[in-house]
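A short write-up of the structure that comes next.
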Amino acid sequence: MQTRNLTVLTFAITLLLVLTGCSGNRQAGTDRHGQGLDTIYTEAKAMSIHLSKPEHAMQLIDSAVIVGNISWQRGQYLKAITQYGGLHNFVLSRQTCLDLLDTSNPKSLVSNLKTRNDSDDLQSVYALLVCVERGLNNDAAVIRYATEAAKLDHALNLPGQAANMEGNIAEVMARTGKTDEGISRLQTLIDELRKKDDFNYMTFYHNTSMSLLHILLNHKRYAEIVPACESMLQRINEFSEHTDRFEHLPKDFDPKEFEDFARGQTLAFLTTAYARQYTSADRGELAPAAQAELLSKARRAEAEMFKTNWSHTIDCDRMMTAAYHHLGEFQRFDEAMARLDESMGDDTLSYNFLTGLGLRATAAKMRGRWAEAVSLQDRLFTIRDSLDNRNQRDKLNELATVYHLQEERFARQEAENDAHLMKLYLLFIGVALLAAIAFAAYFFYKRRQTNQKNRVLAREIAEAIKYKEMWEQTTAAQTVQEATLSSSEGGIIAPATKTIERLRVGEQSSGMAPSGAVEGASGASEASDLYMRLREVILREQLYLDPRLDRQALVERFGLSKERIGAAFAKGSPFKSLIDFLTDCRLPYAAKLLAEHPELSIADVAHASGFPSADTFGRNFKQKYALTPSQFREQQELI
């Protein structure tokens, strides 16, 4: 009732504005997405809390879509932003963005491009996807989406955003072995941006040039940094001397602030380039005079940099720490690192802190403080291992999120399908009494709907199987990494076969009774441990594909008693028995064969997947996925 009253109130106010001639003022009553500003269900309200209270923000967005304050497309985009920035769930954010780009969805953005605002929203989705894929380290996807975003930016006359996308593309190219191509692409863009005396273009020129300098610095192409910096300084001087010639200067803007910032950053890169050349590995090939000249140029650039106000900022400390210890200015190095530590606070598990430790270790070696250098290096290795482990856990959590999301969709679809079939049967009884023709028409109509739902269900089954495999692979990798970490800390994690061998030998030497050993005080724990080891061997070697695999086969393979193996699956696993576990392994494998090998018969698929018969396979497949193998294959061919 409250939502209905809010909707009526919003409509009444909007109508009043139209009648009084105020509807033309978009800032007075609505924003560019048509949402009423007199309700809490607005984009502004949701975005004001999407970082601190992401769950609440998601609720506000859904409510705003329901009451009609924002469109479904805009709501999906805002949810993707919240998932990315507030929930830090990149996989969910990516999926939400892809839903907006799905051409088969009539509600998607690409299916509803009508106005300039729609194109702006589409560009925003591509830009968000670039950020998401960067977070997931998916270089190919970054290039793909950045290219699409750049095309839209050029079409919409947004040179700043286009330059940013080109910077992303060049950075990925440089990281994936196409450094020269990426640098050439940036240089072409820089030359174009430099031609126009416009303040907006001047800022785009500076930002793009910074991207180029970072790439050159990361690839140790120090000699190429010098002419790039000199060209930038020349352009900055042109701006300083002829500011009145530049268009679109902001009101109440002091050009000298931008000049100071741009000059300081450029001189910092120039100082670093000269300092790195001075201390590079091949400097021994230079004549003493050439070495002295490089050092002199570095000192002069540094002195000019210190004349700017920018030199007193944290950004300057972050850029100049490496140059300080290359020039042997250890007092300035220590002071800059102290300021960076203060700004960072307690965040010691980050790549920024890791970089600082590396610089400190190098500086300690240059000063002959070997004990301090060794200590810093050991700490650096420890933090790097922790970061790698955390990244692995984050990836596992993301994959688990997608897997559980697919499971939820599958369960919901299965419930809807069951409800639909029940409704179909009830209608059959009533319609059969009226007329056979009407019944047949209605049946075929409903059958068509069922086929459509089965097609969706088949797609969800295939996706769920794919994400389950990814989840299991990532879990296996995590187990190996944890085993390595435990070994380095003095712990021991035995491989599965060695553990089983140890249990077998222990059982034989102790003369354990078939069932008494399992029922002991530690039986449940041993059963769980044995299940995990048996599961690892069965999955790794794909033993489940053998139709003859049963409890006796495992007894002969590992030398354990039937009772012990039976208890491992009945008491130490989420399954009721060994056969339930084997069926859970065989069904996803069979589903892949059905989809990827249409030339195989159902009986061949059943045999190749380890089922003793086609009837057993069909019964288990139907019970698990709510479709017969034939129906699943038919829907896969139509997808």
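Residue names in the structure tokens use chain letters A, B, ... in the order shown, residue numbers from 1 in each chain, and ligand numbers from 1 in the order shown.
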Do a neighbour search on segment 222-227 of chain A at 12 Å with only C-alpha atoms, toss out local chain neighbours closer than 5 positions, and write the hits as a PDB file with N, CA and C atoms, in the first residue's frame.
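Wrote around.pdb, looks like this:
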```
ATOM      1  N   ASP A 180      55.377  -2.875 -28.609  1.00  0.00           N
ATOM      2  CA  ASP A 180      55.584  -1.874 -29.661  1.00  0.00           C
ATOM      3  C   ASP A 180      54.260  -1.442 -30.286  1.00  0.00           C
ATOM      4  N   ILE A 183      52.504   0.854 -27.755  1.00  0.00           N
ATOM      5  CA  ILE A 183      53.145   2.164 -27.682  1.00  0.00           C
ATOM      6  C   ILE A 183      52.822   2.979 -28.927  1.00  0.00           C
ATOM      7  N   GLN A 187      51.025   6.581 -29.070  1.00  0.00           N
ATOM      8  CA  GLN A 187      51.732   7.723 -29.643  1.00  0.00           C
ATOM      9  C   GLN A 187      50.895   8.411 -30.715  1.00  0.00           C
ATOM     10  N   SER A 209      49.659  10.658 -22.119  1.00  0.00           N
ATOM     11  CA  SER A 209      51.121  10.650 -22.062  1.00  0.00           C
ATOM     12  C   SER A 209      51.609   9.949 -20.803  1.00  0.00           C
ATOM     13  N   MET A 210      50.893  10.142 -19.688  1.00  0.00           N
ATOM     14  CA  MET A 210      51.264   9.433 -18.460  1.00  0.00           C
ATOM     15  C   MET A 210      51.157   7.911 -18.640  1.00  0.00           C
ATOM     16  N   SER A 211      50.117   7.465 -19.352  1.00  0.00           N
ATOM     17  CA  SER A 211      49.983   6.026 -19.624  1.00  0.00           C
ATOM     18  C   SER A 211      51.170   5.523 -20.436  1.00  0.00           C
ATOM     19  N   LEU A 212      51.583   6.303 -21.423  1.00  0.00           N
ATOM     20  CA  LEU A 212      52.740   5.921 -22.234  1.00  0.00           C
ATOM     21  C   LEU A 212      53.999   5.841 -21.382  1.00  0.00           C
ATOM     22  N   LEU A 213      54.217   6.832 -20.515  1.00  0.00           N
ATOM     23  CA  LEU A 213      55.424   6.847 -19.677  1.00  0.00           C
ATOM     24  C   LEU A 213      55.445   5.658 -18.723  1.00  0.00           C
ATOM     25  N   HIS A 214      54.299   5.294 -18.183  1.00  0.00           N
ATOM     26  CA  HIS A 214      54.244   4.141 -17.286  1.00  0.00           C
ATOM     27  C   HIS A 214      54.628   2.857 -18.020  1.00  0.00           C
ATOM     28  N   ILE A 215      54.135   2.705 -19.248  1.00  0.00           N
ATOM     29  CA  ILE A 215      54.481   1.505 -20.023  1.00  0.00           C
ATOM     30  C   ILE A 215      55.973   1.467 -20.320  1.00  0.00           C
ATOM     31  N   LEU A 216      56.528   2.591 -20.735  1.00  0.00           N
ATOM     32  CA  LEU A 216      57.964   2.642 -21.023  1.00  0.00           C
ATOM     33  C   LEU A 216      58.783   2.346 -19.771  1.00  0.00           C
ATOM     34  N   LEU A 217      58.352   2.878 -18.625  1.00  0.00           N
ATOM     35  CA  LEU A 217      59.082   2.645 -17.378  1.00  0.00           C
ATOM     36  C   LEU A 217      59.003   1.178 -16.966  1.00  0.00           C
ATOM     37  N   MET A 232      56.458  16.692 -23.691  1.00  0.00           N
ATOM     38  CA  MET A 232      55.407  17.103 -22.763  1.00  0.00           C
ATOM     39  C   MET A 232      55.739  18.448 -22.121  1.00  0.00           C
ATOM     40  N   LEU A 233      56.988  18.640 -21.729  1.00  0.00           N
ATOM     41  CA  LEU A 233      57.378  19.921 -21.120  1.00  0.00           C
ATOM     42  C   LEU A 233      57.224  21.065 -22.107  1.00  0.00           C
ATOM     43  N   GLN A 234      57.518  20.783 -23.374  1.00  0.00           N
ATOM     44  CA  GLN A 234      57.341  21.821 -24.390  1.00  0.00           C
ATOM     45  C   GLN A 234      55.867  22.210 -24.508  1.00  0.00           C
ATOM     46  N   THR A 266      55.787  15.273 -14.887  1.00  0.00           N
ATOM     47  CA  THR A 266      56.672  15.034 -16.036  1.00  0.00           C
ATOM     48  C   THR A 266      58.137  15.060 -15.609  1.00  0.00           C
ATOM     49  N   LEU A 267      58.510  16.012 -14.775  1.00  0.00           N
ATOM     50  CA  LEU A 267      59.900  16.091 -14.304  1.00  0.00           C
ATOM     51  C   LEU A 267      60.254  14.899 -13.423  1.00  0.00           C
ATOM     52  N   ALA A 268      59.286  14.373 -12.686  1.00  0.00           N
ATOM     53  CA  ALA A 268      59.546  13.175 -11.881  1.00  0.00           C
ATOM     54  C   ALA A 268      59.897  11.987 -12.782  1.00  0.00           C
ATOM     55  N   PHE A 269      59.155  11.827 -13.876  1.00  0.00           N
ATOM     56  CA  PHE A 269      59.470  10.747 -14.821  1.00  0.00           C
ATOM     57  C   PHE A 269      60.836  10.996 -15.471  1.00  0.00           C
ATOM     58  N   LEU A 270      61.127  12.256 -15.811  1.00  0.00           N
ATOM     59  CA  LEU A 270      62.406  12.563 -16.448  1.00  0.00           C
ATOM     60  C   LEU A 270      63.560  12.267 -15.495  1.00  0.00           C
ATOM     61  N   THR A 271      63.409  12.641 -14.225  1.00  0.00           N
ATOM     62  CA  THR A 271      64.440  12.336 -13.225  1.00  0.00           C
ATOM     63  C   THR A 271      64.646  10.838 -13.098  1.00  0.00           C
ATOM     64  N   THR A 272      63.555  10.099 -13.043  1.00  0.00           N
ATOM     65  CA  THR A 272      63.641   8.646 -12.919  1.00  0.00           C
ATOM     66  C   THR A 272      64.337   8.024 -14.121  1.00  0.00           C
ATOM     67  N   ALA A 273      64.017   8.522 -15.325  1.00  0.00           N
ATOM     68  CA  ALA A 273      64.633   7.966 -16.537  1.00  0.00           C
ATOM     69  C   ALA A 273      66.142   8.165 -16.518  1.00  0.00           C
ATOM     70  N   TYR A 274      66.599   9.377 -16.189  1.00  0.00           N
ATOM     71  CA  TYR A 274      68.050   9.632 -16.131  1.00  0.00           C
ATOM     72  C   TYR A 274      68.694   8.804 -15.022  1.00  0.00           C
ATOM     73  N   ALA A 275      68.029   8.703 -13.858  1.00  0.00           N
ATOM     74  CA  ALA A 275      68.607   7.954 -12.742  1.00  0.00           C
ATOM     75  C   ALA A 275      68.710   6.472 -13.069  1.00  0.00           C
ATOM     76  N   ARG A 276      67.686   5.911 -13.731  1.00  0.00           N
ATOM     77  CA  ARG A 276      67.734   4.494 -14.098  1.00  0.00           C
ATOM     78  C   ARG A 276      68.824   4.232 -15.134  1.00  0.00           C
ATOM     79  N   GLN A 277      68.998   5.145 -16.087  1.00  0.00           N
ATOM     80  CA  GLN A 277      70.079   4.972 -17.063  1.00  0.00           C
ATOM     81  C   GLN A 277      71.450   5.044 -16.383  1.00  0.00           C
ATOM     82  N   TYR A 278      71.543   5.906 -15.379  1.00  0.00           N
ATOM     83  CA  TYR A 278      72.819   6.068 -14.673  1.00  0.00           C
ATOM     84  C   TYR A 278      73.186   4.798 -13.907  1.00  0.00           C
ATOM     85  N   THR A 279      72.193   4.114 -13.352  1.00  0.00           N
ATOM     86  CA  THR A 279      72.492   2.926 -12.532  1.00  0.00           C
ATOM     87  C   THR A 279      72.153   1.626 -13.239  1.00  0.00           C
ATOM     88  N   SER A 280      71.865   1.669 -14.555  1.00  0.00           N
ATOM     89  CA  SER A 280      71.495   0.444 -15.274  1.00  0.00           C
ATOM     90  C   SER A 280      72.682  -0.488 -15.386  1.00  0.00           C
ATOM     91  N   LEU A 294      74.740  11.945 -17.314  1.00  0.00           N
ATOM     92  CA  LEU A 294      73.439  11.402 -16.925  1.00  0.00           C
ATOM     93  C   LEU A 294      73.085  11.789 -15.495  1.00  0.00           C
ATOM     94  N   LYS A 297      72.136  15.472 -15.406  1.00  0.00           N
ATOM     95  CA  LYS A 297      70.791  15.718 -15.937  1.00  0.00           C
ATOM     96  C   LYS A 297      69.723  15.288 -14.935  1.00  0.00           C
ATOM     97  N   ALA A 298      69.960  14.173 -14.265  1.00  0.00           N
ATOM     98  CA  ALA A 298      69.001  13.713 -13.260  1.00  0.00           C
ATOM     99  C   ALA A 298      68.883  14.727 -12.129  1.00  0.00           C
ATOM    100  N   ALA A 301      66.918  17.842 -13.389  1.00  0.00           N
ATOM    101  CA  ALA A 301      65.480  17.581 -13.496  1.00  0.00           C
ATOM    102  C   ALA A 301      64.840  17.500 -12.120  1.00  0.00           C
TER     103      ALA A 301
END
```
Name the residues in contact with Gly264 of chain A at a cut-off of 12 Å, using only C-alpha atoms, excluding same-chain residues fewer than 6 positions from it; report them as a count of residues only.
28
Write out as a VMD selection string which residues come within 10 Å of Tyr84 of chain A when counting only C-alpha atoms, dropping same-chain ones fewer than 2 positions away.
chain A and resid 50 to 51 54 78 to 82 86 to 94 128 to 129 131 to 132 135
